[in-house]
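Q: This is the content of structure-v2.pdb (PDB, N, CA and C atoms and all ligand atoms):
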MODEL        1
ATOM      1  N   MET A   1     -13.822  16.277   1.812  1.00  0.00           N
ATOM      2  CA  MET A   1     -13.702  15.032   1.027  1.00  0.00           C
ATOM      3  C   MET A   1     -12.492  15.103   0.107  1.00  0.00           C
ATOM      4  N   LYS A   2     -11.746  14.038   0.080  1.00  0.00           N
ATOM      5  CA  LYS A   2     -10.566  13.993  -0.782  1.00  0.00           C
ATOM      6  C   LYS A   2     -10.880  13.244  -2.064  1.00  0.00           C
ATOM      7  N   ILE A   3     -10.193  13.655  -3.116  1.00  0.00           N
ATOM      8  CA  ILE A   3     -10.420  12.984  -4.388  1.00  0.00           C
ATOM      9  C   ILE A   3      -9.590  11.711  -4.466  1.00  0.00           C
ATOM     10  N   ARG A   4     -10.175  10.714  -5.071  1.00  0.00           N
ATOM     11  CA  ARG A   4      -9.503   9.420  -5.199  1.00  0.00           C
ATOM     12  C   ARG A   4      -9.284   9.083  -6.665  1.00  0.00           C
ATOM     13  N   LYS A   5      -8.463   8.097  -6.901  1.00  0.00           N
ATOM     14  CA  LYS A   5      -8.142   7.708  -8.273  1.00  0.00           C
ATOM     15  C   LYS A   5      -8.341   6.207  -8.446  1.00  0.00           C
ATOM     16  N   CYS A   6      -8.871   5.826  -9.588  1.00  0.00           N
ATOM     17  CA  CYS A   6      -9.122   4.411  -9.866  1.00  0.00           C
ATOM     18  C   CYS A   6      -7.807   3.681 -10.121  1.00  0.00           C
ATOM     19  N   ILE A   7      -7.682   2.483  -9.556  1.00  0.00           N
ATOM     20  CA  ILE A   7      -6.449   1.712  -9.751  1.00  0.00           C
ATOM     21  C   ILE A   7      -6.409   1.097 -11.139  1.00  0.00           C
ATOM     22  N   SER A   8      -7.558   0.991 -11.774  1.00  0.00           N
ATOM     23  CA  SER A   8      -7.621   0.303 -13.060  1.00  0.00           C
ATOM     24  C   SER A   8      -7.537   1.272 -14.243  1.00  0.00           C
ATOM     25  N   CYS A   9      -8.446   2.254 -14.285  1.00  0.00           N
ATOM     26  CA  CYS A   9      -8.499   3.126 -15.459  1.00  0.00           C
ATOM     27  C   CYS A   9      -7.952   4.519 -15.165  1.00  0.00           C
ATOM     28  N   GLY A  10      -7.645   4.817 -13.905  1.00  0.00           N
ATOM     29  CA  GLY A  10      -7.041   6.101 -13.560  1.00  0.00           C
ATOM     30  C   GLY A  10      -8.021   7.238 -13.497  1.00  0.00           C
ATOM     31  N   ARG A  11      -9.297   6.958 -13.489  1.00  0.00           N
ATOM     32  CA  ARG A  11     -10.307   7.996 -13.423  1.00  0.00           C
ATOM     33  C   ARG A  11     -10.389   8.567 -12.004  1.00  0.00           C
ATOM     34  N   TYR A  12     -10.574   9.875 -11.916  1.00  0.00           N
ATOM     35  CA  TYR A  12     -10.699  10.514 -10.600  1.00  0.00           C
ATOM     36  C   TYR A  12     -12.135  10.493 -10.150  1.00  0.00           C
ATOM     37  N   THR A  13     -12.346  10.157  -8.890  1.00  0.00           N
ATOM     38  CA  THR A  13     -13.693  10.104  -8.344  1.00  0.00           C
ATOM     39  C   THR A  13     -13.638  10.311  -6.840  1.00  0.00           C
ATOM     40  N   PHE A  14     -14.775  10.624  -6.250  1.00  0.00           N
ATOM     41  CA  PHE A  14     -14.838  10.773  -4.800  1.00  0.00           C
ATOM     42  C   PHE A  14     -15.266   9.465  -4.143  1.00  0.00           C
ATOM     43  N   ARG A  15     -15.667   8.520  -4.959  1.00  0.00           N
ATOM     44  CA  ARG A  15     -16.162   7.259  -4.412  1.00  0.00           C
ATOM     45  C   ARG A  15     -15.025   6.272  -4.160  1.00  0.00           C
ATOM     46  N   GLU A  16     -15.311   5.285  -3.320  1.00  0.00           N
ATOM     47  CA  GLU A  16     -14.316   4.238  -3.070  1.00  0.00           C
ATOM     48  C   GLU A  16     -14.297   3.247  -4.216  1.00  0.00           C
ATOM     49  N   GLU A  17     -15.380   3.272  -5.012  1.00  0.00           N
ATOM     50  CA  GLU A  17     -15.451   2.387  -6.159  1.00  0.00           C
ATOM     51  C   GLU A  17     -15.566   3.218  -7.414  1.00  0.00           C
ATOM     52  N   CYS A  18     -14.811   2.877  -8.445  1.00  0.00           N
ATOM     53  CA  CYS A  18     -14.823   3.631  -9.686  1.00  0.00           C
ATOM     54  C   CYS A  18     -16.180   3.513 -10.379  1.00  0.00           C
ATOM     55  N   PRO A  19     -16.797   4.648 -10.743  1.00  0.00           N
ATOM     56  CA  PRO A  19     -18.085   4.608 -11.420  1.00  0.00           C
ATOM     57  C   PRO A  19     -17.965   4.101 -12.855  1.00  0.00           C
ATOM     58  N   GLU A  20     -16.758   4.074 -13.361  1.00  0.00           N
ATOM     59  CA  GLU A  20     -16.534   3.664 -14.747  1.00  0.00           C
ATOM     60  C   GLU A  20     -16.348   2.148 -14.878  1.00  0.00           C
ATOM     61  N   CYS A  21     -15.426   1.603 -14.101  1.00  0.00           N
ATOM     62  CA  CYS A  21     -15.107   0.166 -14.249  1.00  0.00           C
ATOM     63  C   CYS A  21     -15.300  -0.599 -12.951  1.00  0.00           C
ATOM     64  N   HIS A  22     -15.806   0.081 -11.913  1.00  0.00           N
ATOM     65  CA  HIS A  22     -16.107  -0.559 -10.624  1.00  0.00           C
ATOM     66  C   HIS A  22     -14.882  -1.178  -9.965  1.00  0.00           C
ATOM     67  N   SER A  23     -13.723  -0.610 -10.237  1.00  0.00           N
ATOM     68  CA  SER A  23     -12.515  -1.070  -9.553  1.00  0.00           C
ATOM     69  C   SER A  23     -12.315  -0.257  -8.288  1.00  0.00           C
ATOM     70  N   GLN A  24     -11.379  -0.677  -7.465  1.00  0.00           N
ATOM     71  CA  GLN A  24     -11.085   0.048  -6.238  1.00  0.00           C
ATOM     72  C   GLN A  24     -10.372   1.348  -6.568  1.00  0.00           C
ATOM     73  N   THR A  25     -10.562   2.342  -5.709  1.00  0.00           N
ATOM     74  CA  THR A  25      -9.872   3.620  -5.896  1.00  0.00           C
ATOM     75  C   THR A  25      -8.938   3.875  -4.724  1.00  0.00           C
ATOM     76  N   TYR A  26      -7.991   4.771  -4.927  1.00  0.00           N
ATOM     77  CA  TYR A  26      -7.026   5.082  -3.871  1.00  0.00           C
ATOM     78  C   TYR A  26      -6.700   6.566  -3.924  1.00  0.00           C
ATOM     79  N   TYR A  27      -6.071   7.068  -2.864  1.00  0.00           N
ATOM     80  CA  TYR A  27      -5.622   8.456  -2.863  1.00  0.00           C
ATOM     81  C   TYR A  27      -4.312   8.534  -3.639  1.00  0.00           C
ATOM     82  N   PRO A  28      -4.272   9.382  -4.682  1.00  0.00           N
ATOM     83  CA  PRO A  28      -3.067   9.482  -5.527  1.00  0.00           C
ATOM     84  C   PRO A  28      -1.793   9.700  -4.725  1.00  0.00           C
ATOM     85  N   LYS A  29      -1.867  10.537  -3.684  1.00  0.00           N
ATOM     86  CA  LYS A  29      -0.678  10.755  -2.859  1.00  0.00           C
ATOM     87  C   LYS A  29      -1.016  10.523  -1.403  1.00  0.00           C
ATOM     88  N   PRO A  30      -1.120   9.267  -1.012  1.00  0.00           N
ATOM     89  CA  PRO A  30      -1.499   8.947   0.359  1.00  0.00           C
ATOM     90  C   PRO A  30      -0.374   9.267   1.341  1.00  0.00           C
ATOM     91  N   PRO A  31      -0.711   9.921   2.454  1.00  0.00           N
ATOM     92  CA  PRO A  31       0.300  10.277   3.459  1.00  0.00           C
ATOM     93  C   PRO A  31       0.843   9.057   4.185  1.00  0.00           C
ATOM     94  N   ARG A  32       0.149   7.944   4.082  1.00  0.00           N
ATOM     95  CA  ARG A  32       0.582   6.746   4.808  1.00  0.00           C
ATOM     96  C   ARG A  32       1.614   5.954   4.006  1.00  0.00           C
ATOM     97  N   PHE A  33       1.897   6.404   2.808  1.00  0.00           N
ATOM     98  CA  PHE A  33       2.768   5.624   1.923  1.00  0.00           C
ATOM     99  C   PHE A  33       4.140   5.410   2.551  1.00  0.00           C
ATOM    100  N   SER A  34       4.717   6.478   3.083  1.00  0.00           N
ATOM    101  CA  SER A  34       6.053   6.367   3.662  1.00  0.00           C
ATOM    102  C   SER A  34       6.019   5.473   4.894  1.00  0.00           C
ATOM    103  N   LEU A  35       4.912   5.531   5.623  1.00  0.00           N
ATOM    104  CA  LEU A  35       4.785   4.708   6.806  1.00  0.00           C
ATOM    105  C   LEU A  35       4.782   3.231   6.425  1.00  0.00           C
ATOM    106  N   THR A  36       4.093   2.914   5.331  1.00  0.00           N
ATOM    107  CA  THR A  36       4.054   1.530   4.859  1.00  0.00           C
ATOM    108  C   THR A  36       5.452   1.062   4.499  1.00  0.00           C
ATOM    109  N   ASP A  37       6.219   1.950   3.877  1.00  0.00           N
ATOM    110  CA  ASP A  37       7.584   1.610   3.488  1.00  0.00           C
ATOM    111  C   ASP A  37       8.422   1.316   4.722  1.00  0.00           C
ATOM    112  N   LYS A  38       8.193   2.111   5.757  1.00  0.00           N
ATOM    113  CA  LYS A  38       8.935   1.918   6.996  1.00  0.00           C
ATOM    114  C   LYS A  38       8.626   0.548   7.576  1.00  0.00           C
ATOM    115  N   TYR A  39       7.367   0.183   7.533  1.00  0.00           N
ATOM    116  CA  TYR A  39       6.989  -1.119   8.049  1.00  0.00           C
ATOM    117  C   TYR A  39       7.632  -2.232   7.224  1.00  0.00           C
ATOM    118  N   GLY A  40       7.728  -2.001   5.906  1.00  0.00           N
ATOM    119  CA  GLY A  40       8.351  -2.991   5.039  1.00  0.00           C
ATOM    120  C   GLY A  40       9.795  -3.207   5.419  1.00  0.00           C
ATOM    121  N   LYS A  41      10.502  -2.120   5.700  1.00  0.00           N
ATOM    122  CA  LYS A  41      11.902  -2.232   6.099  1.00  0.00           C
ATOM    123  C   LYS A  41      12.011  -2.984   7.417  1.00  0.00           C
ATOM    124  N   TYR A  42      11.119  -2.651   8.322  1.00  0.00           N
ATOM    125  CA  TYR A  42      11.126  -3.278   9.636  1.00  0.00           C
ATOM    126  C   TYR A  42      10.898  -4.779   9.506  1.00  0.00           C
ATOM    127  N   ARG A  43       9.962  -5.120   8.605  1.00  0.00           N
ATOM    128  CA  ARG A  43       9.652  -6.532   8.397  1.00  0.00           C
ATOM    129  C   ARG A  43      10.865  -7.263   7.830  1.00  0.00           C
ATOM    130  N   ARG A  44      11.568  -6.606   6.903  1.00  0.00           N
ATOM    131  CA  ARG A  44      12.744  -7.226   6.302  1.00  0.00           C
ATOM    132  C   ARG A  44      13.783  -7.531   7.369  1.00  0.00           C
ATOM    133  N   LYS A  45      13.970  -6.574   8.267  1.00  0.00           N
ATOM    134  CA  LYS A  45      14.950  -6.733   9.331  1.00  0.00           C
ATOM    135  C   LYS A  45      14.557  -7.915  10.215  1.00  0.00           C
ATOM    136  N   LEU A  46      13.272  -7.968  10.527  1.00  0.00           N
ATOM    137  CA  LEU A  46      12.784  -9.048  11.367  1.00  0.00           C
ATOM    138  C   LEU A  46      13.031 -10.395  10.702  1.00  0.00           C
ATOM    139  N   LYS A  47      12.790 -10.441   9.389  1.00  0.00           N
ATOM    140  CA  LYS A  47      12.962 -11.680   8.646  1.00  0.00           C
ATOM    141  C   LYS A  47      14.428 -12.115   8.690  1.00  0.00           C
ATOM    142  N   LEU A  48      15.328 -11.143   8.533  1.00  0.00           N
ATOM    143  CA  LEU A  48      16.760 -11.449   8.556  1.00  0.00           C
ATOM    144  C   LEU A  48      17.150 -12.022   9.911  1.00  0.00           C
ATOM    145  N   VAL A  49      16.666 -11.384  10.953  1.00  0.00           N
ATOM    146  CA  VAL A  49      16.977 -11.855  12.305  1.00  0.00           C
ATOM    147  C   VAL A  49      16.476 -13.278  12.482  1.00  0.00           C
ATOM    148  N   LYS A  50      15.306 -13.527  11.949  1.00  0.00           N
ATOM    149  CA  LYS A  50      14.733 -14.876  12.047  1.00  0.00           C
ATOM    150  C   LYS A  50      15.617 -15.883  11.326  1.00  0.00           C
ATOM    151  N   LEU A  51      16.076 -15.489  10.144  1.00  0.00           N
ATOM    152  CA  LEU A  51      16.924 -16.378   9.350  1.00  0.00           C
ATOM    153  C   LEU A  51      18.203 -16.714  10.092  1.00  0.00           C
ATOM    154  N   TYR A  52      18.843 -15.683  10.647  1.00  0.00           N
ATOM    155  CA  TYR A  52      20.096 -15.904  11.361  1.00  0.00           C
ATOM    156  C   TYR A  52      19.868 -16.771  12.595  1.00  0.00           C
ATOM    157  N   GLY A  53      18.718 -16.538  13.224  1.00  0.00           N
ATOM    158  CA  GLY A  53      18.381 -17.314  14.401  1.00  0.00           C
ATOM    159  C   GLY A  53      18.269 -18.793  14.052  1.00  0.00           C
ATOM    160  N   ASP A  54      17.669 -19.050  12.910  1.00  0.00           N
ATOM    161  CA  ASP A  54      17.529 -20.430  12.475  1.00  0.00           C
ATOM    162  C   ASP A  54      18.890 -21.064  12.210  1.00  0.00           C
ATOM    163  N   LYS A  55      19.802 -20.260  11.659  1.00  0.00           N
ATOM    164  CA  LYS A  55      21.123 -20.786  11.316  1.00  0.00           C
ATOM    165  C   LYS A  55      21.905 -21.141  12.582  1.00  0.00           C
ATOM    166  N   ASP A  56      21.718 -20.322  13.605  1.00  0.00           N
ATOM    167  CA  ASP A  56      22.441 -20.561  14.851  1.00  0.00           C
ATOM    168  C   ASP A  56      21.984 -21.881  15.485  1.00  0.00           C
ATOM    169  N   HIS A  57      20.732 -22.194  15.288  1.00  0.00           N
ATOM    170  CA  HIS A  57      20.227 -23.422  15.859  1.00  0.00           C
ATOM    171  C   HIS A  57      20.581 -24.572  14.952  1.00  0.00           C
TER     172      HIS A  57
HETATM  173 ZN    ZN B 101     -11.944   2.792 -13.227  1.00  0.00          ZN
ENDMDL
END
Show the structure stored in the file as C-alpha cells.
Ligand SMILES: [Zn+2]
A:
Amino acid sequence: MKIRKCISCGRYTFREECPECHSQTYYPKPPRFSLTDKYGKYRRKLKLVKLYGDKDH
C-alpha cells in the first residue's frame, strides 16, 4: 500500500479520502505525472495543427 496525501490539508493517509477534511487524496510523487505532461504537449500540438488547418480553409 502506498501512502497518499490530501489535496486540501496535506495530511498523509492510506485512504482515497482524507479522514480529516474528507477531501480527495493523491500520491505525492505519482509516476504518471510525466506521462500526463507528455499528453498535454501532444494535445497542444494537435490543437495547433487544427488551428492551421482551419486557416488554410
Ligand atoms: Zn484533508
Q: Give me, as JSON lines, each residue of chain A that comes within 6.5 Å of ligand ZN 101 (chain B), together with its shortest interatomic pair and the distance in Å at one decimal, counting only N, CA and C atoms and all ligand atoms, with rows ordered by chain and rising residue number.
A:
{"residue": "A:Cys6", "atom": "CA", "partner": "B:ZN101", "partner_atom": "ZN", "distance": 4.7}
{"residue": "A:Ile7", "atom": "N", "partner": "B:ZN101", "partner_atom": "ZN", "distance": 5.6}
{"residue": "A:Ser8", "atom": "C", "partner": "B:ZN101", "partner_atom": "ZN", "distance": 4.8}
{"residue": "A:Cys9", "atom": "N", "partner": "B:ZN101", "partner_atom": "ZN", "distance": 3.7}
{"residue": "A:Gly10", "atom": "N", "partner": "B:ZN101", "partner_atom": "ZN", "distance": 4.8}
{"residue": "A:Arg11", "atom": "N", "partner": "B:ZN101", "partner_atom": "ZN", "distance": 4.9}
{"residue": "A:Cys18", "atom": "CA", "partner": "B:ZN101", "partner_atom": "ZN", "distance": 4.6}
{"residue": "A:Pro19", "atom": "N", "partner": "B:ZN101", "partner_atom": "ZN", "distance": 5.8}
{"residue": "A:Glu20", "atom": "C", "partner": "B:ZN101", "partner_atom": "ZN", "distance": 4.7}
{"residue": "A:Cys21", "atom": "N", "partner": "B:ZN101", "partner_atom": "ZN", "distance": 3.8}
{"residue": "A:His22", "atom": "N", "partner": "B:ZN101", "partner_atom": "ZN", "distance": 4.9}
{"residue": "A:Ser23", "atom": "N", "partner": "B:ZN101", "partner_atom": "ZN", "distance": 4.9}
Q: As an exercise, work out the distance from atom C of Met1 of chain A to atom C of Glu17 of chain A in Å and give it to one decimal place.
A: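 Between these atoms lies a distance of 14.4 Å.
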Q: Can you measure atom CA of Lys29 of chain A to atom CA of Glu16 of chain A for me? One decimal in Å is fine.
A: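 Atom CA of Glu16 of chain A lies at a distance of 15.1 Å from atom CA of Lys29 of chain A.
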Q: One number please: atom CA of Arg15 of chain A to atom CA of Tyr27 of chain A, in Å, one decimal.
A: 10.7 Å
Q: Thr13 of chain A: which residues within 7 Å, counting only C-alpha atoms, same-chain residues fewer than 4 positions away excluded, as a VMD selection string?
A: chain A and resid 3 to 5 18
